[in-house]
Structure formats: C-alpha cells, structure tokens
Amino acid sequence: MTPLAPHLTTFLVDHLPRHRNASPHTVATYADSFTLLARFAAELRRRRPIDLQIEDLDPDLILAFLDHVEIGRRNSAATRNVRLAAVRSFFRYIEYKIPSCLDHALRIHALPQKRTDMRLIDTLTVDEVKALLAAPNSRDYGGLRDRAMLHMAYACGLRASELLSIQMTAFPPGSLATVRIHGKGRRERVLPLWRETQQAVRGWIGARGITSEQTLFLNRLGEPLSRDGLALVLAKHVRQAAIACPSLLSKRVTPHVLRHSCAAHTLAATGDIRKVSLWLGHASLRSTEVYLRADATEKLAILAAHAPPGVKPGRFRPPSDKLLAMLATARNGT
C-alpha cells in the first residue's frame with residue numbers, strides 16, 4: 001500500500017509549479033478537485049483523509065466521485081471533466097514516481113471523459129448592458145469601484161480571474177489608454193480602453209487612494225476582491241438595472257455573460273471572428289466559433305444567397321423486413 005498524502009503534496013507543491021510550470025490558478029483548481037475527492041474517499045473508506053492510500057482511489061471510486069460531483073453537487077458535465085483531468089494528471093505523475101502503481105494508473109487513464117452539449121451562449125442586449133453599466137452609484141466608494149469593474153469586464157471581455165488580477169502596473173505610466181491583461185494559459189494581451197471606461201477607472205483610482213496593495217479592485221477592508229465578492233456585486237447591480245430594463249430579470253447574468261456579450265457585440269460590429277478571438281485572448285479560433293453559432297446574421301446571409309431547392313415531395317414507405325425495421329427504429333432513436 002502506498003500513502004496518498006506525501007505524493008499528493010509533492011505533486012501540488014513541487015511537481016506542478018516547478019516541473020510543469022503550472023500557474024497558481026491551475027494549482028488551486030487541482031487542489032480544489034483533490035479536496036473534494038479526499039473528503040469523498042475518506043467517507044466512503046471510513047478513514048481519515050491523511051490515512052488514505054493511492055490504491056484506495058480505484059476506478060470504481062473515481063467514477064462514484066464523478067457521479068457525486070455531477071449529481072450530488074449538481075455540477076455540469078464540464079466541471080466533472082475538469083475534476084477527472086486533475087485526477088488523470090496526478091496519476092501520470094504516479095506512473096514514473098511509483099512503478100508498482102503503473103497498472104493502477106493505467107486503469108485510471110482509461111476512464112472516459114463525458115461528452116458535453118454544445119449549447120448556445122447567453123448574452124445581453126446593448127440596452128441591457130447600458131442599464132447595467134449605469135446601475136452603480138458613482139457618488140460612493142463601492143459604486144465607483146463597481147462601475148469601473150463592470151466597464152472593464154464588458155469593454156475588455158475579461159474572464160473573472162483576469163478582472164480580479166489586474167494590477168496597478170497594468171496601465172502605462174500616467175495613462176489609462178491601454179491595459180495589459182494576464183490571460184488564461186499564461187497568454188498576455190494589451191487592450192485599448194474606451195474613453196468611458198478610462199473615466200470609470202480614473203474615478204475608482206481616485207477613490208481607492210494610495211495603498212501598498214497593488215491589485216486594482218479592493219474590498220472595503222483594502223484586500224483584493226474575491227470571486228464571491230464579484231458575484232455579489234454583479235447580482236446587486238443586475239437587480240438595480242432591472243428596474244430600468246425588466247428583461248434582465250429573465251436572464252442569468254454572470255461575469256462570463258458580460259464576456260460573451262462583449263464578444264457577440266464585437267462580432268456584430270466587425271463581422272470578423274479573428275478580431276473577436278484576438279480581443280478575448282483565445283488560443284484558437286475553435287474557441288471563438290461558438291459566437292458564430294449564436295449570431296443569426298451570418299445564417300441570414302446564407303439564406304439570402306441561395307434560393308430554396310426545388311425538391312419534389314415524396315412518400316415514405318416503411319421497410320417490410322423486420323431487421324431493417326428494427327434498424328430504422330434504432331436510427332430514429334424511438
């Protein structure tokens with residue numbers, strides 16, 4: 001039997017940051033996955049997490065854990081796959097670290113990821129965005145911060161992690177014309193800011209004052225704002241904006257929906273998916289194609305360019321052979 005704790009510690013503390021050059025965000029995501037897994041396995045094996053063995057994490061337990069993530073915790077299939085990716089990465093490390101666990105690791109690698117639905121993205125209309133950006137009260141500390149955050153989130157199409165990690169040094173000296181964003185996958189990009197966004201950020205920096213903390217957006221304790229704090233701020237202003245724009249009440253608005261809205265509006269304005277990909281910091285155009293599926297403009301252009309085909313109506317004849325009838329039923333999913 002092989003103790004889990006020392007090898008998991010080395011994997012997270014030394015292997016990922018030093019040998020894989022993983023970002024702190026990746027390490028935190030993996031640690032969160034193994035926190036859930038350790039608690040689940042400890043309860044199932046009836047022992048303390050510190051006493052777990054690597055052999056305790058067999059394929060049946062991992063599958064049960066993934067079902068618990070998706071059903072018990074009501075997470076999406078995509079989140080389930082993220083948890084499985086963390087487990088697989090750990091067992092790739094175990095393969096060469098502990099040769100006696102090679103067969104066990106290969107069985108874990110054989111666990112399949114779950115296919116996910118390619119759903120259309122949620123976006124806000126231009127009027128809904130305007131109502132949301134106008135919601136914060138620009139006369140107090142919190143309102144100035146929230147107004148600047150919402151402007152930056154939408155105008156730059158930022159992920160929540162990118163928004164909350166912006167530093168005071170991200171702007172050029174003496175100017176707010178551009179901002180340097182540290183994005184996903186250690187990719188950096190420089191984005192220009194609208195005048196309205198510059199004014200919002202300038203107002204917040206004035207209210208923020210001089211402090212040793214270099215993170216741009218702080219809470220009332222002078223500490224970096226958390227993801228939960230951002231979610232609460234956004235929910236508060238969505239309720240306020242819904243007074244002027246009631247259609248917001250029927251939508252689930254998250255920081256990522258603001259990112260989607262920026263991308264959708266940029267695509268509608270430019271018609272160039274490459275510019276959208278560059279603005280959002282995507283590694284590949286494949287990640288940006290989702291906005292084409294949600295945009296009806298391109299599809300309407302296709303309809304306008306082609307006339308409907310002159311297909312003569314026919315009559316369906318069901319197969320008389322029992323085998324062919326069964327295959328037709330299976331093909332139709334009924």
# chains A, B, ... in the order shown; residues from 1 in each chain; ligands from 1
>>> residues_around(residues="Asp32 (chain A)", least_positions_apart="2", cutoff="12 Å", atoms="only C-alpha atoms", output="ChimeraX atom specification")
/A:12,25-30,34-39,79,82-83,86-87
>>> closest_residue(among="A:Asp56, A:Pro3, A:Ser89, A:Leu158", to="Arg20 (chain A)", atoms="only C-alpha atoms")
A:Ser89
>>> residues_around(residues="region 126-129 of chain A", least_positions_apart="5", cutoff="10 Å", atoms="only C-alpha atoms", output="PyMOL selection string")
chain A and resi 134-135+150-151+154+238+241-242+244-248+258+261-262+265
>>> closest_atom_pairs(of="region 127-198 of chain A", to="region 204-211 of chain A", cutoff="12 Å", atoms="only C-alpha atoms", output="CSV")
residue,atom,partner,partner_atom,distance
A:Asn137,CA,A:Trp204,CA,11.9
A:Ser138,CA,A:Trp204,CA,9.1
A:Arg139,CA,A:Ala207,CA,10.0
A:Asp140,CA,A:Ala207,CA,8.5
A:Tyr141,CA,A:Ala207,CA,6.2
A:Gly142,CA,A:Trp204,CA,9.0
A:Gly143,CA,A:Trp204,CA,8.7
A:Leu144,CA,A:Trp204,CA,5.1
A:Arg145,CA,A:Trp204,CA,5.2
A:Asp146,CA,A:Trp204,CA,8.6
A:Arg147,CA,A:Trp204,CA,8.2
A:Ala148,CA,A:Trp204,CA,6.4
A:Met149,CA,A:Trp204,CA,9.1
A:Leu150,CA,A:Trp204,CA,11.8
A:His151,CA,A:Trp204,CA,11.4
A:Met152,CA,A:Trp204,CA,11.7
A:Gln167,CA,A:Ile205,CA,11.6
A:Met168,CA,A:Ile205,CA,9.0
A:Phe171,CA,A:Ile205,CA,11.7
A:Leu176,CA,A:Ile205,CA,10.7
A:Thr197,CA,A:Trp204,CA,10.7
A:Gln198,CA,A:Trp204,CA,9.9
>>> write_last_selection(atoms="N, CA, C and O atoms", output="short mmCIF file (atom, residue, chain, number, x, y, z; two decimals), in the first residue's frame")
data_model
loop_
_atom_site.label_atom_id
_atom_site.label_comp_id
_atom_site.auth_asym_id
_atom_site.auth_seq_id
_atom_site.Cartn_x
_atom_site.Cartn_y
_atom_site.Cartn_z
N ASN A 137 -23.90 53.47 -8.16
CA ASN A 137 -23.94 54.86 -7.72
C ASN A 137 -22.51 55.40 -7.71
O ASN A 137 -21.67 54.98 -6.91
N SER A 138 -22.23 56.36 -8.58
CA SER A 138 -20.87 56.87 -8.73
C SER A 138 -20.50 57.91 -7.67
O SER A 138 -19.48 58.58 -7.79
N ARG A 139 -21.33 58.03 -6.62
CA ARG A 139 -21.05 59.03 -5.58
C ARG A 139 -20.44 58.42 -4.33
O ARG A 139 -20.13 59.14 -3.38
N ASP A 140 -20.30 57.09 -4.29
CA ASP A 140 -19.69 56.48 -3.10
C ASP A 140 -18.58 55.53 -3.52
O ASP A 140 -18.39 55.21 -4.69
N TYR A 141 -17.83 55.08 -2.51
CA TYR A 141 -16.65 54.24 -2.72
C TYR A 141 -16.99 52.97 -3.48
O TYR A 141 -16.39 52.66 -4.52
N GLY A 142 -18.00 52.24 -2.99
CA GLY A 142 -18.37 50.97 -3.62
C GLY A 142 -18.91 51.17 -5.02
O GLY A 142 -18.62 50.38 -5.92
N GLY A 143 -19.69 52.22 -5.22
CA GLY A 143 -20.25 52.47 -6.53
C GLY A 143 -19.20 52.79 -7.57
O GLY A 143 -19.27 52.34 -8.72
N LEU A 144 -18.19 53.59 -7.18
CA LEU A 144 -17.10 53.91 -8.10
C LEU A 144 -16.32 52.66 -8.50
O LEU A 144 -15.97 52.47 -9.67
N ARG A 145 -16.06 51.81 -7.51
CA ARG A 145 -15.35 50.54 -7.81
C ARG A 145 -16.18 49.66 -8.72
O ARG A 145 -15.69 49.11 -9.72
N ASP A 146 -17.47 49.51 -8.39
CA ASP A 146 -18.33 48.61 -9.16
C ASP A 146 -18.51 49.10 -10.59
O ASP A 146 -18.52 48.31 -11.54
N ARG A 147 -18.63 50.41 -10.75
CA ARG A 147 -18.79 50.97 -12.09
C ARG A 147 -17.54 50.70 -12.93
O ARG A 147 -17.64 50.31 -14.10
N ALA A 148 -16.39 50.88 -12.34
CA ALA A 148 -15.14 50.60 -13.06
C ALA A 148 -15.01 49.12 -13.39
O ALA A 148 -14.58 48.74 -14.49
N MET A 149 -15.38 48.25 -12.46
CA MET A 149 -15.29 46.81 -12.68
C MET A 149 -16.20 46.37 -13.82
O MET A 149 -15.81 45.59 -14.69
N LEU A 150 -17.44 46.84 -13.81
CA LEU A 150 -18.39 46.44 -14.85
C LEU A 150 -17.95 46.95 -16.22
O LEU A 150 -18.06 46.24 -17.23
N HIS A 151 -17.44 48.18 -16.25
CA HIS A 151 -16.94 48.72 -17.51
C HIS A 151 -15.77 47.89 -18.03
O HIS A 151 -15.71 47.55 -19.23
N MET A 152 -14.83 47.54 -17.16
CA MET A 152 -13.68 46.76 -17.58
C MET A 152 -14.09 45.35 -18.01
O MET A 152 -13.60 44.83 -19.03
N GLN A 167 -3.44 44.49 -12.01
CA GLN A 167 -2.59 45.23 -11.08
C GLN A 167 -2.53 46.71 -11.47
O GLN A 167 -2.83 47.08 -12.61
N MET A 168 -2.14 47.54 -10.54
CA MET A 168 -2.00 48.97 -10.83
C MET A 168 -0.93 49.21 -11.89
O MET A 168 -0.97 50.21 -12.62
N PHE A 171 -1.34 49.44 -16.35
CA PHE A 171 -1.58 50.60 -17.21
C PHE A 171 -0.26 51.29 -17.52
O PHE A 171 0.68 51.27 -16.70
N LEU A 176 -4.27 55.85 -18.99
CA LEU A 176 -5.20 54.72 -18.88
C LEU A 176 -5.70 54.33 -20.27
O LEU A 176 -6.77 53.73 -20.40
N THR A 197 -14.67 54.00 -20.30
CA THR A 197 -14.01 53.06 -19.39
C THR A 197 -12.85 53.74 -18.68
O THR A 197 -12.63 53.53 -17.47
N GLN A 198 -12.09 54.55 -19.39
CA GLN A 198 -10.99 55.28 -18.76
C GLN A 198 -11.50 56.19 -17.65
O GLN A 198 -10.90 56.27 -16.56
#
>>> atom_distance(atom1="CA of Thr10 (chain A)", atom2="CA of Ala64 (chain A)")
25.6 Å
>>> residues_around(residues="Asn81 (chain A)", least_positions_apart="4", cutoff="7 Å", atoms="only C-alpha atoms", output="ChimeraX atom specification")
/A:77,85,113-114
>>> write_last_selection(atoms="N, CA and C atoms", output="mmCIF file, in the first residue's frame")
data_model
loop_
_atom_site.group_PDB
_atom_site.id
_atom_site.type_symbol
_atom_site.label_atom_id
_atom_site.label_comp_id
_atom_site.auth_asym_id
_atom_site.auth_seq_id
_atom_site.Cartn_x
_atom_site.Cartn_y
_atom_site.Cartn_z
ATOM 1 N N ALA A 77 -21.458 18.692 -16.627
ATOM 2 C CA ALA A 77 -20.564 17.660 -17.146
ATOM 3 C C ALA A 77 -19.178 18.229 -17.408
ATOM 4 N N ALA A 85 -9.773 15.439 -15.118
ATOM 5 C CA ALA A 85 -8.482 15.858 -15.673
ATOM 6 C C ALA A 85 -7.440 16.010 -14.568
ATOM 7 N N GLN A 113 -13.820 10.685 -20.501
ATOM 8 C CA GLN A 113 -14.486 11.952 -20.223
ATOM 9 C C GLN A 113 -15.918 11.885 -20.726
ATOM 10 N N LYS A 114 -16.761 12.686 -20.124
ATOM 11 C CA LYS A 114 -18.172 12.696 -20.520
ATOM 12 C C LYS A 114 -18.384 13.751 -21.595
#
>>> residues_around(residues="Arg227 (chain A)", least_positions_apart="6", cutoff="8 Å", atoms="only C-alpha atoms", output="PyMOL selection string")
chain A and resi 160-161+164
>>> residues_around(residues="region 91-104 of chain A", least_positions_apart="6", cutoff="9 Å", atoms="only C-alpha atoms", output="list of chain:residue names")
A:Thr2, A:His7, A:Phe11, A:His15, A:Ile54, A:Glu55, A:Asp58, A:Pro59
>>> select_by_dssp(residues="region 76-314 of chain A", states="strand (DSSP E)", output="list in words")
Thr178, Val179, Arg180, Ile181, His182, Glu188, Arg189, Val190, Leu191 and Pro192 of chain A
>>> atom_distance(atom1="CA of Gly222 (chain A)", atom2="CA of Leu191 (chain A)")
26.5 Å
>>> residues_around(residues="Arg259 (chain A)", least_positions_apart="3", cutoff="8 Å", atoms="only C-alpha atoms", output="PyMOL selection string")
chain A and resi 153-154+156-159+255-256+262-263
>>> write_last_selection(atoms="all heavy atoms", output="tab-separated table (two decimals), in the first residue's frame")
chain	number	residue	atom	x	y	z
A	153	ALA	N	-15.01	44.74	-17.27
A	153	ALA	CA	-15.44	43.37	-17.58
A	153	ALA	C	-16.08	43.30	-18.95
A	153	ALA	O	-15.80	42.39	-19.74
A	153	ALA	CB	-16.41	42.87	-16.52
A	154	TYR	N	-16.94	44.28	-19.26
A	154	TYR	CA	-17.64	44.26	-20.55
A	154	TYR	C	-16.76	44.78	-21.68
A	154	TYR	O	-16.62	44.14	-22.73
A	154	TYR	CB	-18.92	45.08	-20.47
A	154	TYR	CG	-19.55	45.30	-21.83
A	154	TYR	CD1	-20.18	44.25	-22.50
A	154	TYR	CD2	-19.50	46.55	-22.46
A	154	TYR	CE1	-20.73	44.44	-23.76
A	154	TYR	CE2	-20.05	46.75	-23.71
A	154	TYR	CZ	-20.66	45.69	-24.36
A	154	TYR	OH	-21.20	45.87	-25.60
A	156	CYS	N	-13.60	45.03	-22.10
A	156	CYS	CA	-12.42	44.21	-22.43
A	156	CYS	C	-12.75	42.74	-22.60
A	156	CYS	O	-11.88	41.95	-23.00
A	156	CYS	CB	-11.35	44.37	-21.34
A	156	CYS	SG	-10.75	46.06	-21.14
A	157	GLY	N	-13.99	42.34	-22.29
A	157	GLY	CA	-14.36	40.93	-22.42
A	157	GLY	C	-13.52	40.04	-21.53
A	157	GLY	O	-13.01	39.00	-21.96
A	158	LEU	N	-13.39	40.41	-20.26
A	158	LEU	CA	-12.48	39.72	-19.35
A	158	LEU	C	-13.12	38.53	-18.66
A	158	LEU	O	-14.31	38.55	-18.34
A	158	LEU	CB	-11.95	40.70	-18.29
A	158	LEU	CG	-11.20	41.92	-18.79
A	158	LEU	CD1	-10.73	42.75	-17.61
A	158	LEU	CD2	-10.03	41.52	-19.67
A	159	ARG	N	-12.32	37.52	-18.42
A	159	ARG	CA	-12.71	36.45	-17.51
A	159	ARG	C	-12.67	37.01	-16.09
A	159	ARG	O	-11.97	38.00	-15.82
A	159	ARG	CB	-11.76	35.26	-17.62
A	159	ARG	CG	-11.66	34.66	-19.00
A	159	ARG	CD	-10.61	33.55	-19.02
A	159	ARG	NE	-10.50	32.92	-20.33
A	159	ARG	CZ	-9.67	33.31	-21.29
A	159	ARG	NH1	-8.87	34.35	-21.08
A	159	ARG	NH2	-9.63	32.69	-22.45
A	255	PRO	N	-20.32	37.11	-14.55
A	255	PRO	CA	-19.21	37.81	-15.19
A	255	PRO	C	-18.90	37.27	-16.58
A	255	PRO	O	-18.54	38.02	-17.48
A	255	PRO	CB	-18.04	37.58	-14.22
A	255	PRO	CG	-18.71	37.44	-12.89
A	255	PRO	CD	-19.99	36.71	-13.16
A	256	HIS	N	-19.06	35.96	-16.78
A	256	HIS	CA	-18.76	35.38	-18.09
A	256	HIS	C	-19.81	35.76	-19.12
A	256	HIS	O	-19.51	35.80	-20.33
A	256	HIS	CB	-18.64	33.86	-17.98
A	256	HIS	CG	-17.53	33.30	-18.82
A	256	HIS	ND1	-16.20	33.51	-18.55
A	256	HIS	CD2	-17.56	32.59	-19.97
A	256	HIS	CE1	-15.45	32.92	-19.46
A	256	HIS	NE2	-16.25	32.36	-20.35
A	262	CYS	N	-19.70	41.01	-24.78
A	262	CYS	CA	-18.66	41.78	-25.46
A	262	CYS	C	-18.30	41.12	-26.79
A	262	CYS	O	-18.19	41.79	-27.83
A	262	CYS	CB	-17.43	41.90	-24.56
A	262	CYS	SG	-15.97	42.57	-25.39
A	263	ALA	N	-18.11	39.80	-26.76
A	263	ALA	CA	-17.73	39.08	-27.98
A	263	ALA	C	-18.83	39.15	-29.03
A	263	ALA	O	-18.55	39.39	-30.22
A	263	ALA	CB	-17.42	37.63	-27.64
>>> closest_residue(among="A:Arg115, A:Arg180, A:His109, A:Arg46", to="Arg80 (chain A)", atoms="only C-alpha atoms")
A:Arg115
>>> closest_residue(among="A:Ser250, A:Gln53, A:Asn219, A:Ser284", to="Ala5 (chain A)", atoms="only C-alpha atoms")
A:Gln53
>>> select_by_dssp(residues="region 59-190 of chain A", states="helix (DSSP H, G or I)", output="PyMOL selection string")
chain A and resi 59-72+77-97+99-109+126-133+141-155+160-164+168-170+184-186
>>> decode(residues="region 171-196 of chain A", atoms="N, CA and C atoms", output="mmCIF file, in the first residue's frame")
data_model
loop_
_atom_site.group_PDB
_atom_site.id
_atom_site.type_symbol
_atom_site.label_atom_id
_atom_site.label_comp_id
_atom_site.auth_asym_id
_atom_site.auth_seq_id
_atom_site.Cartn_x
_atom_site.Cartn_y
_atom_site.Cartn_z
ATOM 1 N N PHE A 171 -1.337 49.439 -16.352
ATOM 2 C CA PHE A 171 -1.578 50.599 -17.209
ATOM 3 C C PHE A 171 -0.256 51.289 -17.522
ATOM 4 N N PRO A 172 -0.155 51.967 -18.668
ATOM 5 C CA PRO A 172 1.072 52.719 -18.973
ATOM 6 C C PRO A 172 1.270 53.854 -17.961
ATOM 7 N N PRO A 173 2.493 54.256 -17.713
ATOM 8 C CA PRO A 173 2.741 55.361 -16.768
ATOM 9 C C PRO A 173 2.006 56.632 -17.166
ATOM 10 N N GLY A 174 1.190 57.140 -16.258
ATOM 11 C CA GLY A 174 0.487 58.391 -16.491
ATOM 12 C C GLY A 174 -0.635 58.319 -17.502
ATOM 13 N N SER A 175 -1.088 57.116 -17.838
ATOM 14 C CA SER A 175 -2.132 56.980 -18.854
ATOM 15 C C SER A 175 -3.013 55.777 -18.542
ATOM 16 N N LEU A 176 -4.270 55.851 -18.993
ATOM 17 C CA LEU A 176 -5.196 54.725 -18.876
ATOM 18 C C LEU A 176 -5.697 54.325 -20.271
ATOM 19 N N ALA A 177 -4.896 54.620 -21.283
ATOM 20 C CA ALA A 177 -5.326 54.350 -22.660
ATOM 21 C C ALA A 177 -5.378 52.865 -22.961
ATOM 22 N N THR A 178 -4.503 52.088 -22.317
ATOM 23 C CA THR A 178 -4.467 50.644 -22.562
ATOM 24 C C THR A 178 -4.300 49.922 -21.231
ATOM 25 N N VAL A 179 -4.549 48.614 -21.261
ATOM 26 C CA VAL A 179 -4.360 47.786 -20.078
ATOM 27 C C VAL A 179 -3.748 46.463 -20.517
ATOM 28 N N ARG A 180 -2.789 45.972 -19.743
ATOM 29 C CA ARG A 180 -2.138 44.691 -20.030
ATOM 30 C C ARG A 180 -2.838 43.600 -19.216
ATOM 31 N N ILE A 181 -3.341 42.585 -19.916
ATOM 32 C CA ILE A 181 -4.098 41.520 -19.290
ATOM 33 C C ILE A 181 -3.284 40.226 -19.276
ATOM 34 N N HIS A 182 -3.178 39.608 -18.113
ATOM 35 C CA HIS A 182 -2.557 38.288 -17.997
ATOM 36 C C HIS A 182 -3.668 37.256 -18.090
ATOM 37 N N GLY A 183 -3.756 36.587 -19.239
ATOM 38 C CA GLY A 183 -4.878 35.708 -19.506
ATOM 39 C C GLY A 183 -4.618 34.249 -19.215
ATOM 40 N N LYS A 184 -5.572 33.453 -19.628
ATOM 41 C CA LYS A 184 -5.517 32.012 -19.438
ATOM 42 C C LYS A 184 -4.372 31.425 -20.255
ATOM 43 N N GLY A 185 -3.716 30.408 -19.680
ATOM 44 C CA GLY A 185 -2.605 29.783 -20.389
ATOM 45 C C GLY A 185 -1.371 30.650 -20.466
ATOM 46 N N ARG A 186 -1.242 31.597 -19.526
ATOM 47 C CA ARG A 186 -0.080 32.500 -19.463
ATOM 48 C C ARG A 186 0.043 33.386 -20.709
ATOM 49 N N ARG A 187 -1.066 33.589 -21.399
ATOM 50 C CA ARG A 187 -1.041 34.462 -22.574
ATOM 51 C C ARG A 187 -1.379 35.887 -22.147
ATOM 52 N N GLU A 188 -0.551 36.842 -22.587
ATOM 53 C CA GLU A 188 -0.780 38.254 -22.293
ATOM 54 C C GLU A 188 -1.329 38.963 -23.531
ATOM 55 N N ARG A 189 -2.128 39.972 -23.299
ATOM 56 C CA ARG A 189 -2.608 40.808 -24.395
ATOM 57 C C ARG A 189 -2.785 42.232 -23.878
ATOM 58 N N VAL A 190 -2.637 43.202 -24.777
ATOM 59 C CA VAL A 190 -2.826 44.607 -24.445
ATOM 60 C C VAL A 190 -4.075 45.094 -25.157
ATOM 61 N N LEU A 191 -4.998 45.683 -24.408
ATOM 62 C CA LEU A 191 -6.273 46.133 -24.965
ATOM 63 C C LEU A 191 -6.431 47.642 -24.778
ATOM 64 N N PRO A 192 -6.923 48.330 -25.786
ATOM 65 C CA PRO A 192 -7.238 49.758 -25.619
ATOM 66 C C PRO A 192 -8.534 49.918 -24.839
ATOM 67 N N LEU A 193 -8.680 51.034 -24.164
ATOM 68 C CA LEU A 193 -9.872 51.284 -23.364
ATOM 69 C C LEU A 193 -10.681 52.432 -23.951
ATOM 70 N N TRP A 194 -12.009 52.275 -23.938
ATOM 71 C CA TRP A 194 -12.888 53.373 -24.331
ATOM 72 C C TRP A 194 -12.698 54.549 -23.381
ATOM 73 N N ARG A 195 -13.060 55.734 -23.864
ATOM 74 C CA ARG A 195 -12.971 56.908 -23.001
ATOM 75 C C ARG A 195 -13.858 56.752 -21.773
ATOM 76 N N GLU A 196 -15.065 56.188 -21.971
ATOM 77 C CA GLU A 196 -15.975 55.978 -20.833
ATOM 78 C C GLU A 196 -15.352 55.037 -19.810
#
